[in-house]
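> Below is one structure. I have some questions about it.
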Amino acid sequence: MDPIRRAKIEELRRLGIDPFPTEPFQTNTTAAEILRYYPQQKLDFKAVRIAGRLWRKRLMGKASFAVLRDETGDIQLYFQRDDFLDKPEMYDSVFKKLLDLGDIIGVEGFVFTTKTGEITIHVRHFRLLSKCLRSLPIEKETEERTYAAFTDPELRYRMRYVDLIVHPGVRELFRRRTAIVQAIRDFFNAKGYLEVETPILQPVYGGAFARPFVTHHHALNMELFLRISNELYLKRLIVGGYTGVYEFSKDFRNEGIDRYHNPEFTQVELYVAFQDYYWMMELVEQLLEGVVRKVVGNLRLSYEGREIDFTAPFARMRYYEALEREVGKDVRRLSERELIQLLHERNIPLPEPPYERIDLVSQLFDKLVEPACIQPTFILDYPVEVSPLAKRHRSEEGVVERFELIVAGKELANAYSELNDPLDQRERLERQAALRAAGGLEAMPMDEDFLRALEYGLPPTAGLGLGIDRLTMILCDAPSIQEVLLFPLLRPEPPLEADR
RNA sequence: GUCCCCAUAGCUCAGCGGUAGAGCAGCGGAUUCUUAAUCCGCGGGCCGCAGGUUCGAAUCCUGCUGGGGACACCA
């Protein structure tokens, strides 16, 4: 806390001014509205009331300029000493000395244009609404350069409130994130699907390969897991008779943090009865076209310096064929030794032991095929070994009816014709259990209740998971997941000192 | 988990063995159309923390902490 600002509080109180008043301040316009409509005189701007942070002061003698920043933008203020003849201290002391940059104020006045052509509020009255006791990293820009830019990512993420105050573009990004979620919700609602909420605390976790966060419930004295996925619950709801359900799901995975991964992240999952993954591919194309057009305004956008085109239909490649295109041979025919040889040739590290044959194939795919898919690309028909919840392919051995949508070299969505044969499902989960027993930390645990639900009959169902954070990254051209999370996980900072 | 880079004033950064610097922000003064306002004056720092080397360390070395990046993991 700035001791000078702290002292100003006492000074204000001596003048009878409450630095944190209770009375509301009713505004009747915004900075953006004034700047947009004043030139055409479409609205009456003779008595505007507007609130925001004091952003700049250009003090002169008997008259001064300032800038006010509200949520919509910045607008210049003009103060004249002669306007405060009844209370001269309001200009000379309160405005000129006791108000600091960052203070939240409300002003009332009329709009005019200065000699230099800037739309400005001539302030007749102003009120301090909340004192700002720390100096903000207010940036100053000229044509040549920006001064005091607040750019340190750590500080920006730790003090996102400051980041948001200082950077209108960051505020805009998170508006866009909300717009993306809203567009998806509108799309699903228009189709008649039901938005639901399922447990975040789960006695058995499942639906994905990941290590969970573990917690404990005292009253029931039981171990609980934060969900890594809501998939198995949404399928139970399809068993229960809903035709289409979806949920925006915060999922938690106890794994590493990098520019694509945060321990908690958001997916939307959708399950629709009586459909299959082919149908789901078309739905995803329709969904993304709609969302991108609505949010970006154009199906072509720039991400990391490359153009991405969301015009449907997206490219489609089958898993093993895509791999064959990269390595020149059908990896299904290769021995484990030949696969290892291939990895060596391409300078790709072996997976962590204990690994199986399929892990070598996966590694090849992840390192060669995924990064090469820049434009939206459906990869379909994944190996059955890596897809324990997907239905076996209707006509081909060894693969399942599953697709991933890859954009900019990263998985954006994952979908199956859901496995609804409870006997097959049990075998697949038993294999997962065996992998866990062998030390596979990410293999799925057995979920007997889920199997019981399947035994009551899950209709043929298409299911989808779509990563909201990654979609937001692409649609905002954001370089890391931290940039699209309001409060990304950081290590704790050392304790702040109490400051009175 | 491994490797590389970074940490100096409220913010952005310079200084890289010899008395801690700049711009912006701040404080005092002048100023009735400024907009990085201008002009005069002023204050501000455990140079991330702890050790070590040295006559002398912000500067060199080691460790720690925090951050960034790459790799690994996340099929």
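For the structure tokens, the naming scheme is as follows: chains receive sequential letters (A, B, ...) according to their order of presentation, residues are indexed from 1 within each chain, and ligands are indexed from 1 in presentation order.
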DSSP on the backbone, then: every residue of segment 34-80 of chain A marked strand (DSSP E or B), written as a PyMOL selection string.
chain A and resi 48-58+63-70+73-80
> I need the contact residues of chain B against chain A, so if you could list those with any atom within 12 Å, counting only C-alpha atoms (C1' of nucleotides), and return them as an mmCIF file with N, CA, C and O atoms (P, O5', C5', C4', C3', O3' and C1' of nucleotides), in the first residue's frame, that would help.

data_model
loop_
_atom_site.group_PDB
_atom_site.id
_atom_site.type_symbol
_atom_site.label_atom_id
_atom_site.label_comp_id
_atom_site.auth_asym_id
_atom_site.auth_seq_id
_atom_site.Cartn_x
_atom_site.Cartn_y
_atom_site.Cartn_z
ATOM 1 P P G B 1 9.610 -32.214 -9.366
ATOM 2 O "O5'" G B 1 10.398 -33.029 -10.480
ATOM 3 C "C5'" G B 1 11.107 -34.218 -10.138
ATOM 4 C "C4'" G B 1 11.557 -34.850 -11.418
ATOM 5 C "C3'" G B 1 12.541 -34.020 -12.232
ATOM 6 O "O3'" G B 1 13.862 -34.185 -11.766
ATOM 7 C "C1'" G B 1 10.820 -34.838 -13.657
ATOM 8 P P C B 6 20.087 -15.043 -18.425
ATOM 9 O "O5'" C B 6 18.734 -14.493 -17.796
ATOM 10 C "C5'" C B 6 17.969 -13.505 -18.467
ATOM 11 C "C4'" C B 6 16.684 -13.227 -17.728
ATOM 12 C "C3'" C B 6 16.830 -12.693 -16.315
ATOM 13 O "O3'" C B 6 17.068 -11.304 -16.302
ATOM 14 C "C1'" C B 6 15.197 -14.404 -16.347
ATOM 15 P P A B 7 17.772 -10.641 -15.018
ATOM 16 O "O5'" A B 7 16.636 -10.713 -13.901
ATOM 17 C "C5'" A B 7 15.444 -9.937 -14.044
ATOM 18 C "C4'" A B 7 14.586 -10.114 -12.813
ATOM 19 C "C3'" A B 7 15.187 -9.512 -11.537
ATOM 20 O "O3'" A B 7 14.152 -8.969 -10.715
ATOM 21 C "C1'" A B 7 14.826 -11.826 -11.236
ATOM 22 P P G B 10 9.397 -0.181 -5.590
ATOM 23 O "O5'" G B 10 8.026 -0.264 -6.412
ATOM 24 C "C5'" G B 10 6.922 -1.039 -5.959
ATOM 25 C "C4'" G B 10 5.756 -0.737 -6.852
ATOM 26 C "C3'" G B 10 6.009 -1.013 -8.332
ATOM 27 O "O3'" G B 10 5.595 -2.323 -8.662
ATOM 28 C "C1'" G B 10 5.274 1.220 -8.066
ATOM 29 P P C B 11 6.458 -3.222 -9.665
ATOM 30 O "O5'" C B 11 6.133 -2.555 -11.070
ATOM 31 C "C5'" C B 11 4.861 -2.746 -11.685
ATOM 32 C "C4'" C B 11 4.851 -2.085 -13.042
ATOM 33 C "C3'" C B 11 5.982 -2.502 -13.970
ATOM 34 O "O3'" C B 11 5.691 -3.698 -14.659
ATOM 35 C "C1'" C B 11 5.833 -0.152 -13.933
ATOM 36 P P U B 12 6.872 -4.653 -15.112
ATOM 37 O "O5'" U B 12 7.591 -3.814 -16.257
ATOM 38 C "C5'" U B 12 6.964 -3.641 -17.528
ATOM 39 C "C4'" U B 12 7.839 -2.808 -18.428
ATOM 40 C "C3'" U B 12 9.260 -3.312 -18.599
ATOM 41 O "O3'" U B 12 9.353 -4.355 -19.541
ATOM 42 C "C1'" U B 12 9.284 -0.979 -18.200
ATOM 43 P P C B 13 10.540 -5.416 -19.415
ATOM 44 O "O5'" C B 13 11.797 -4.483 -19.087
ATOM 45 C "C5'" C B 13 13.000 -4.649 -19.746
ATOM 46 C "C4'" C B 13 13.768 -3.346 -19.756
ATOM 47 C "C3'" C B 13 15.244 -3.453 -19.386
ATOM 48 O "O3'" C B 13 16.025 -3.974 -20.446
ATOM 49 C "C1'" C B 13 14.306 -1.522 -18.403
ATOM 50 P P G B 23 14.914 10.738 -16.567
ATOM 51 O "O5'" G B 23 13.770 9.974 -17.356
ATOM 52 C "C5'" G B 23 13.641 10.112 -18.768
ATOM 53 C "C4'" G B 23 12.549 9.195 -19.262
ATOM 54 C "C3'" G B 23 11.212 9.329 -18.544
ATOM 55 O "O3'" G B 23 10.438 10.402 -19.052
ATOM 56 C "C1'" G B 23 11.806 7.049 -18.678
ATOM 57 P P C B 24 9.488 11.214 -18.077
ATOM 58 O "O5'" C B 24 8.343 10.177 -17.700
ATOM 59 C "C5'" C B 24 7.341 9.815 -18.647
ATOM 60 C "C4'" C B 24 6.556 8.626 -18.161
ATOM 61 C "C3'" C B 24 5.814 8.810 -16.842
ATOM 62 O "O3'" C B 24 4.597 9.528 -16.989
ATOM 63 C "C1'" C B 24 6.946 6.749 -16.823
ATOM 64 P P A B 25 4.108 10.480 -15.828
ATOM 65 O "O5'" A B 25 3.860 9.492 -14.604
ATOM 66 C "C5'" A B 25 2.735 8.628 -14.590
ATOM 67 C "C4'" A B 25 2.734 7.800 -13.331
ATOM 68 C "C3'" A B 25 2.771 8.597 -12.037
ATOM 69 O "O3'" A B 25 1.498 9.066 -11.652
ATOM 70 C "C1'" A B 25 4.391 6.901 -11.945
ATOM 71 P P G B 26 1.362 10.460 -10.920
ATOM 72 O "O5'" G B 26 2.210 10.287 -9.584
ATOM 73 C "C5'" G B 26 1.772 9.403 -8.570
ATOM 74 C "C4'" G B 26 2.706 9.471 -7.390
ATOM 75 C "C3'" G B 26 2.889 10.854 -6.798
ATOM 76 O "O3'" G B 26 1.844 11.176 -5.908
ATOM 77 C "C1'" G B 26 5.002 9.838 -7.076
ATOM 78 P P C B 27 1.283 12.641 -5.794
ATOM 79 O "O5'" C B 27 2.443 13.390 -5.001
ATOM 80 C "C5'" C B 27 2.684 13.079 -3.635
ATOM 81 C "C4'" C B 27 3.844 13.899 -3.125
ATOM 82 C "C3'" C B 27 3.774 15.396 -3.422
ATOM 83 O "O3'" C B 27 2.941 16.080 -2.505
ATOM 84 C "C1'" C B 27 5.921 14.604 -3.972
ATOM 85 P P G B 28 2.129 17.324 -3.014
ATOM 86 O "O5'" G B 28 3.249 18.443 -3.116
ATOM 87 C "C5'" G B 28 3.842 18.968 -1.942
ATOM 88 C "C4'" G B 28 4.820 20.055 -2.283
ATOM 89 C "C3'" G B 28 4.315 21.136 -3.234
ATOM 90 O "O3'" G B 28 3.495 22.095 -2.591
ATOM 91 C "C1'" G B 28 6.472 20.463 -3.888
ATOM 92 P P G B 29 2.372 22.854 -3.455
ATOM 93 O "O5'" G B 29 3.217 23.692 -4.517
ATOM 94 C "C5'" G B 29 3.882 24.879 -4.121
ATOM 95 C "C4'" G B 29 4.684 25.465 -5.247
ATOM 96 C "C3'" G B 29 3.916 25.943 -6.468
ATOM 97 O "O3'" G B 29 3.250 27.175 -6.249
ATOM 98 C "C1'" G B 29 5.866 24.815 -7.152
ATOM 99 P P A B 30 1.908 27.532 -7.085
ATOM 100 O "O5'" A B 30 2.503 27.799 -8.548
ATOM 101 C "C5'" A B 30 3.271 28.959 -8.798
ATOM 102 C "C4'" A B 30 3.636 29.035 -10.250
ATOM 103 C "C3'" A B 30 2.468 28.953 -11.229
ATOM 104 O "O3'" A B 30 1.795 30.201 -11.358
ATOM 105 C "C1'" A B 30 4.217 27.554 -11.959
ATOM 106 P P U B 31 0.208 30.264 -11.463
ATOM 107 O "O5'" U B 31 -0.058 29.639 -12.900
ATOM 108 C "C5'" U B 31 0.384 30.318 -14.073
ATOM 109 C "C4'" U B 31 0.260 29.408 -15.261
ATOM 110 C "C3'" U B 31 -1.131 28.821 -15.489
ATOM 111 O "O3'" U B 31 -1.991 29.737 -16.166
ATOM 112 C "C1'" U B 31 0.489 27.112 -15.667
ATOM 113 P P U B 32 -3.511 29.889 -15.708
ATOM 114 O "O5'" U B 32 -4.269 29.229 -16.947
ATOM 115 C "C5'" U B 32 -4.219 27.827 -17.134
ATOM 116 C "C4'" U B 32 -5.349 27.416 -18.028
ATOM 117 C "C3'" U B 32 -5.361 28.152 -19.349
ATOM 118 O "O3'" U B 32 -5.698 27.221 -20.356
ATOM 119 C "C1'" U B 32 -7.449 28.369 -18.293
ATOM 120 P P C B 33 -4.975 27.250 -21.767
ATOM 121 O "O5'" C B 33 -5.702 26.013 -22.462
ATOM 122 C "C5'" C B 33 -5.444 24.694 -22.023
ATOM 123 C "C4'" C B 33 -5.682 23.744 -23.180
ATOM 124 C "C3'" C B 33 -5.309 24.347 -24.534
ATOM 125 O "O3'" C B 33 -4.845 23.303 -25.357
ATOM 126 C "C1'" C B 33 -7.562 23.687 -24.552
ATOM 127 P P U B 34 -3.355 23.285 -25.939
ATOM 128 O "O5'" U B 34 -2.684 22.044 -25.208
ATOM 129 C "C5'" U B 34 -2.034 22.206 -23.965
ATOM 130 C "C4'" U B 34 -2.300 21.009 -23.111
ATOM 131 C "C3'" U B 34 -2.059 19.671 -23.798
ATOM 132 O "O3'" U B 34 -0.696 19.325 -23.809
ATOM 133 C "C1'" U B 34 -4.093 19.603 -22.598
ATOM 134 P P U B 35 -0.093 18.482 -25.043
ATOM 135 O "O5'" U B 35 -0.821 17.074 -24.924
ATOM 136 C "C5'" U B 35 -0.523 16.194 -23.841
ATOM 137 C "C4'" U B 35 -1.473 15.033 -23.879
ATOM 138 C "C3'" U B 35 -1.417 14.208 -25.155
ATOM 139 O "O3'" U B 35 -0.376 13.265 -25.033
ATOM 140 C "C1'" U B 35 -3.672 14.632 -24.534
ATOM 141 P P A B 36 0.261 12.562 -26.232
ATOM 142 O "O5'" A B 36 1.068 11.383 -25.515
ATOM 143 C "C5'" A B 36 0.419 10.543 -24.576
ATOM 144 C "C4'" A B 36 1.236 10.458 -23.282
ATOM 145 C "C3'" A B 36 1.451 11.784 -22.593
ATOM 146 O "O3'" A B 36 1.421 11.608 -21.177
ATOM 147 C "C1'" A B 36 3.519 10.800 -23.081
ATOM 148 P P A B 37 0.311 12.436 -20.401
ATOM 149 O "O5'" A B 37 0.435 13.941 -20.985
ATOM 150 C "C5'" A B 37 1.380 14.810 -20.449
ATOM 151 C "C4'" A B 37 1.574 15.933 -21.414
ATOM 152 C "C3'" A B 37 2.801 16.795 -21.165
ATOM 153 O "O3'" A B 37 3.963 16.202 -21.726
ATOM 154 C "C1'" A B 37 0.912 18.165 -21.468
ATOM 155 P P U B 38 5.373 16.284 -20.929
ATOM 156 O "O5'" U B 38 5.715 17.843 -20.966
ATOM 157 C "C5'" U B 38 5.932 18.512 -22.192
ATOM 158 C "C4'" U B 38 6.054 19.989 -21.945
ATOM 159 C "C3'" U B 38 7.069 20.384 -20.881
ATOM 160 O "O3'" U B 38 8.386 20.430 -21.410
ATOM 161 C "C1'" U B 38 5.047 21.520 -20.486
ATOM 162 P P C B 39 9.622 19.968 -20.504
ATOM 163 O "O5'" C B 39 9.831 21.231 -19.544
ATOM 164 C "C5'" C B 39 10.108 22.509 -20.096
ATOM 165 C "C4'" C B 39 10.045 23.560 -19.022
ATOM 166 C "C3'" C B 39 10.763 23.215 -17.720
ATOM 167 O "O3'" C B 39 12.160 23.411 -17.812
ATOM 168 C "C1'" C B 39 8.636 24.093 -17.224
ATOM 169 P P G B 48 18.330 -8.870 -7.094
ATOM 170 O "O5'" G B 48 17.107 -9.617 -6.400
ATOM 171 C "C5'" G B 48 16.043 -8.897 -5.813
ATOM 172 C "C4'" G B 48 15.206 -9.845 -5.007
ATOM 173 C "C3'" G B 48 15.969 -10.584 -3.923
ATOM 174 O "O3'" G B 48 16.027 -9.850 -2.727
ATOM 175 C "C1'" G B 48 14.755 -12.135 -5.236
ATOM 176 P P C B 49 17.360 -9.885 -1.811
ATOM 177 O "O5'" C B 49 17.267 -11.308 -1.091
ATOM 178 C "C5'" C B 49 16.197 -11.599 -0.195
ATOM 179 C "C4'" C B 49 16.329 -13.025 0.287
ATOM 180 C "C3'" C B 49 17.701 -13.412 0.814
ATOM 181 O "O3'" C B 49 17.886 -13.020 2.157
ATOM 182 C "C1'" C B 49 16.959 -15.063 -0.689
ATOM 183 P P U B 65 13.648 -24.774 -3.962
ATOM 184 O "O5'" U B 65 12.991 -23.321 -3.969
ATOM 185 C "C5'" U B 65 12.405 -22.790 -2.792
ATOM 186 C "C4'" U B 65 11.953 -21.371 -3.025
ATOM 187 C "C3'" U B 65 11.126 -21.146 -4.288
ATOM 188 O "O3'" U B 65 9.774 -21.527 -4.119
ATOM 189 C "C1'" U B 65 12.777 -19.477 -4.144
ATOM 190 P P G B 66 8.976 -22.114 -5.357
ATOM 191 O "O5'" G B 66 8.731 -20.822 -6.254
ATOM 192 C "C5'" G B 66 7.886 -19.788 -5.782
ATOM 193 C "C4'" G B 66 7.978 -18.595 -6.700
ATOM 194 C "C3'" G B 66 7.766 -18.876 -8.175
ATOM 195 O "O3'" G B 66 6.410 -19.058 -8.520
ATOM 196 C "C1'" G B 66 9.642 -17.485 -7.921
ATOM 197 P P G B 67 6.032 -20.003 -9.760
ATOM 198 O "O5'" G B 67 6.494 -19.123 -11.003
ATOM 199 C "C5'" G B 67 5.814 -17.922 -11.294
ATOM 200 C "C4'" G B 67 6.536 -17.158 -12.360
ATOM 201 C "C3'" G B 67 6.644 -17.847 -13.716
ATOM 202 O "O3'" G B 67 5.449 -17.774 -14.447
ATOM 203 C "C1'" G B 67 8.724 -16.897 -13.138
ATOM 204 P P G B 68 5.078 -18.914 -15.491
ATOM 205 O "O5'" G B 68 6.049 -18.592 -16.706
ATOM 206 C "C5'" G B 68 5.913 -17.374 -17.430
ATOM 207 C "C4'" G B 68 7.018 -17.247 -18.432
ATOM 208 C "C3'" G B 68 7.169 -18.417 -19.388
ATOM 209 O "O3'" G B 68 6.241 -18.367 -20.451
ATOM 210 C "C1'" G B 68 9.282 -17.841 -18.540
ATOM 211 P P G B 69 5.674 -19.745 -21.051
ATOM 212 O "O5'" G B 69 6.931 -20.314 -21.846
ATOM 213 C "C5'" G B 69 7.426 -19.631 -22.999
ATOM 214 C "C4'" G B 69 8.721 -20.246 -23.448
ATOM 215 C "C3'" G B 69 8.679 -21.733 -23.784
ATOM 216 O "O3'" G B 69 8.114 -21.987 -25.052
ATOM 217 C "C1'" G B 69 10.593 -21.277 -22.500
ATOM 218 P P A B 70 7.382 -23.389 -25.307
ATOM 219 O "O5'" A B 70 8.611 -24.408 -25.383
ATOM 220 C "C5'" A B 70 9.510 -24.360 -26.494
ATOM 221 C "C4'" A B 70 10.629 -25.343 -26.282
ATOM 222 C "C3'" A B 70 10.208 -26.791 -26.088
ATOM 223 O "O3'" A B 70 9.903 -27.447 -27.297
ATOM 224 C "C1'" A B 70 11.805 -26.216 -24.452
ATOM 225 P P C B 71 8.805 -28.599 -27.278
ATOM 226 O "O5'" C B 71 9.500 -29.770 -26.447
ATOM 227 C "C5'" C B 71 10.608 -30.475 -26.991
ATOM 228 C "C4'" C B 71 11.240 -31.369 -25.948
ATOM 229 C "C3'" C B 71 10.367 -32.488 -25.396
ATOM 230 O "O3'" C B 71 10.246 -33.590 -26.277
ATOM 231 C "C1'" C B 71 11.534 -31.456 -23.626
ATOM 232 P P A B 72 8.885 -34.435 -26.257
ATOM 233 O "O5'" A B 72 8.869 -35.069 -24.798
ATOM 234 C "C5'" A B 72 9.789 -36.098 -24.458
ATOM 235 C "C4'" A B 72 9.595 -36.517 -23.018
ATOM 236 C "C3'" A B 72 8.182 -36.922 -22.629
ATOM 237 O "O3'" A B 72 7.865 -38.242 -23.031
ATOM 238 C "C1'" A B 72 9.054 -35.471 -20.990
ATOM 239 P P C B 73 6.402 -38.566 -23.540
ATOM 240 O "O5'" C B 73 5.517 -38.380 -22.238
ATOM 241 C "C5'" C B 73 5.671 -39.246 -21.127
ATOM 242 C "C4'" C B 73 4.809 -38.787 -19.979
ATOM 243 C "C3'" C B 73 3.336 -38.598 -20.306
ATOM 244 O "O3'" C B 73 2.606 -39.818 -20.298
ATOM 245 C "C1'" C B 73 4.107 -36.722 -19.120
ATOM 246 P P C B 74 1.528 -40.059 -21.434
ATOM 247 O "O5'" C B 74 0.423 -38.955 -21.117
ATOM 248 C "C5'" C B 74 -0.384 -39.029 -19.949
ATOM 249 C "C4'" C B 74 -1.261 -37.812 -19.852
ATOM 250 C "C3'" C B 74 -2.162 -37.555 -21.048
ATOM 251 O "O3'" C B 74 -3.318 -38.370 -21.030
ATOM 252 C "C1'" C B 74 -1.087 -35.556 -20.451
ATOM 253 P P A B 75 -4.143 -38.659 -22.417
ATOM 254 O "O5'" A B 75 -3.145 -39.525 -23.304
ATOM 255 C "C5'" A B 75 -2.283 -38.932 -24.237
ATOM 256 C "C4'" A B 75 -1.970 -39.879 -25.358
ATOM 257 C "C3'" A B 75 -2.959 -39.862 -26.537
ATOM 258 O "O3'" A B 75 -2.202 -39.934 -27.760
ATOM 259 C "C1'" A B 75 -2.575 -42.053 -25.843
#
> Just the residues within 12 Å of G52 of chain B, please, counting only C-alpha atoms (C1' of nucleotides), with nothing from its chain fewer than 5 positions along; format it as a ChimeraX atom specification.
/B:57,60-63
> I'd like the contact shell of Asp447 of chain A - 12 Å cut-off, only C-alpha atoms (C1' of nucleotides), skipping same-chain residues fewer than 6 positions apart - returned as a ChimeraX atom specification.
/A:202-207,232-233,422,425-426,428-430,432-433,453-454
> Enumerate as a ChimeraX atom specification all residues of segment 202-400 of chain A assigned to helix (DSSP H, G or I) by DSSP on the backbone, naming them with the chain letters and numbers the document uses.
/A:231-239,277-296,319-327,331-333,336-345,357-372,384-386
> As an exercise, work out the distance from atom CA of His125 of chain A to atom CA of Arg6 of chain A in Å and give it to one decimal place.
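That distance, rounded to one decimal, is 24.1 Å.
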> Identify which of the residues B:C64, B:C55, B:C47, B:C5 lies closest to G18 of chain B, counting only C-alpha atoms (C1' of nucleotides) when measuring atom-to-atom distances.
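Answer, going by the shortest atom-to-atom distance: B:C55.
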> Work out how far apart atom CA of Tyr278 of chain A and atom CA of Glu455 of chain A are and give it in Å to one decimal.
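Computing it gives 25.0 Å between the two atoms.
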> Quick one: of A:Asn420, A:Gln41, A:Asn221, A:Asn262, who's nearest to Lys391 of chain A, counting only C-alpha atoms?
A:Asn420
> Measuring atom to atom with only C-alpha atoms, identify which of A:Val291, A:Leu201, A:Leu368, A:Ala179 is nearest to Met222 of chain A.
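Among A:Val291, A:Leu201, A:Leu368, A:Ala179, it is A:Leu201 that comes nearest to Met222 of chain A.
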> Could you jot down the atom CA of Glu10 of chain A to atom CA of Ser130 of chain A separation for me, Å, one decimal place?
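We find that atom CA of Glu10 of chain A and atom CA of Ser130 of chain A lie 13.9 Å from each other.
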> Identify, on the basis of only C-alpha atoms (C1' of nucleotides), every residue whose closest approach to A58 of chain B does not exceed 10 Å; exclude the query and any residue fewer than 4 positions from it along the same chain; express the result as a PyMOL selection string.
chain B and resi 8+15-16+20+47
> List as a list in words the protein and nucleic acid residues near Ile184 of chain A, meaning an atom at most 9 Å away when only C-alpha atoms (C1' of nucleotides) are counted, but skip any in the same chain fewer than 3 places from it.
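Listed by chain and then number, they are Ala179, Ile180, Val181, Phe187, Phe188, Asn189, Val268, Leu287, Leu288, Gly290 and Val291 of chain A.
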> Please produce a file of those selected residues containing N, CA, C and O atoms, as an mmCIF file, in the first residue's frame.

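Once written, again-v2.cif looks like this:
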data_model
loop_
_atom_site.group_PDB
_atom_site.id
_atom_site.type_symbol
_atom_site.label_atom_id
_atom_site.label_comp_id
_atom_site.auth_asym_id
_atom_site.auth_seq_id
_atom_site.Cartn_x
_atom_site.Cartn_y
_atom_site.Cartn_z
ATOM 1 N N ALA A 179 -18.597 -15.547 -24.908
ATOM 2 C CA ALA A 179 -19.414 -15.598 -26.127
ATOM 3 C C ALA A 179 -19.317 -16.970 -26.786
ATOM 4 O O ALA A 179 -20.299 -17.480 -27.336
ATOM 5 N N ILE A 180 -18.132 -17.573 -26.723
ATOM 6 C CA ILE A 180 -17.955 -18.909 -27.297
ATOM 7 C C ILE A 180 -18.832 -19.917 -26.552
ATOM 8 O O ILE A 180 -19.572 -20.697 -27.150
ATOM 9 N N VAL A 181 -18.759 -19.873 -25.225
ATOM 10 C CA VAL A 181 -19.555 -20.787 -24.416
ATOM 11 C C VAL A 181 -21.045 -20.573 -24.698
ATOM 12 O O VAL A 181 -21.816 -21.521 -24.872
ATOM 13 N N PHE A 187 -26.493 -23.226 -29.457
ATOM 14 C CA PHE A 187 -26.563 -24.231 -30.516
ATOM 15 C C PHE A 187 -27.191 -25.528 -29.992
ATOM 16 O O PHE A 187 -28.104 -26.090 -30.595
ATOM 17 N N PHE A 188 -26.718 -25.984 -28.821
ATOM 18 C CA PHE A 188 -27.241 -27.242 -28.267
ATOM 19 C C PHE A 188 -28.694 -27.073 -27.816
ATOM 20 O O PHE A 188 -29.516 -27.965 -28.014
ATOM 21 N N ASN A 189 -28.982 -25.932 -27.226
ATOM 22 C CA ASN A 189 -30.359 -25.712 -26.782
ATOM 23 C C ASN A 189 -31.318 -25.700 -27.968
ATOM 24 O O ASN A 189 -32.424 -26.236 -27.889
ATOM 25 N N VAL A 268 -16.815 -29.190 -22.972
ATOM 26 C CA VAL A 268 -18.247 -29.438 -23.053
ATOM 27 C C VAL A 268 -18.381 -30.842 -23.604
ATOM 28 O O VAL A 268 -17.698 -31.227 -24.551
ATOM 29 N N LEU A 287 -21.486 -27.037 -35.729
ATOM 30 C CA LEU A 287 -21.290 -26.287 -34.491
ATOM 31 C C LEU A 287 -20.131 -25.283 -34.630
ATOM 32 O O LEU A 287 -20.281 -24.101 -34.328
ATOM 33 N N LEU A 288 -18.999 -25.777 -35.106
ATOM 34 C CA LEU A 288 -17.828 -24.902 -35.148
ATOM 35 C C LEU A 288 -17.999 -23.811 -36.197
ATOM 36 O O LEU A 288 -17.615 -22.656 -35.956
ATOM 37 N N GLY A 290 -20.720 -22.412 -36.976
ATOM 38 C CA GLY A 290 -21.610 -21.429 -36.365
ATOM 39 C C GLY A 290 -20.910 -20.591 -35.319
ATOM 40 O O GLY A 290 -21.018 -19.361 -35.300
ATOM 41 N N VAL A 291 -20.166 -21.260 -34.451
ATOM 42 C CA VAL A 291 -19.506 -20.549 -33.350
ATOM 43 C C VAL A 291 -18.445 -19.590 -33.901
ATOM 44 O O VAL A 291 -18.358 -18.429 -33.486
#
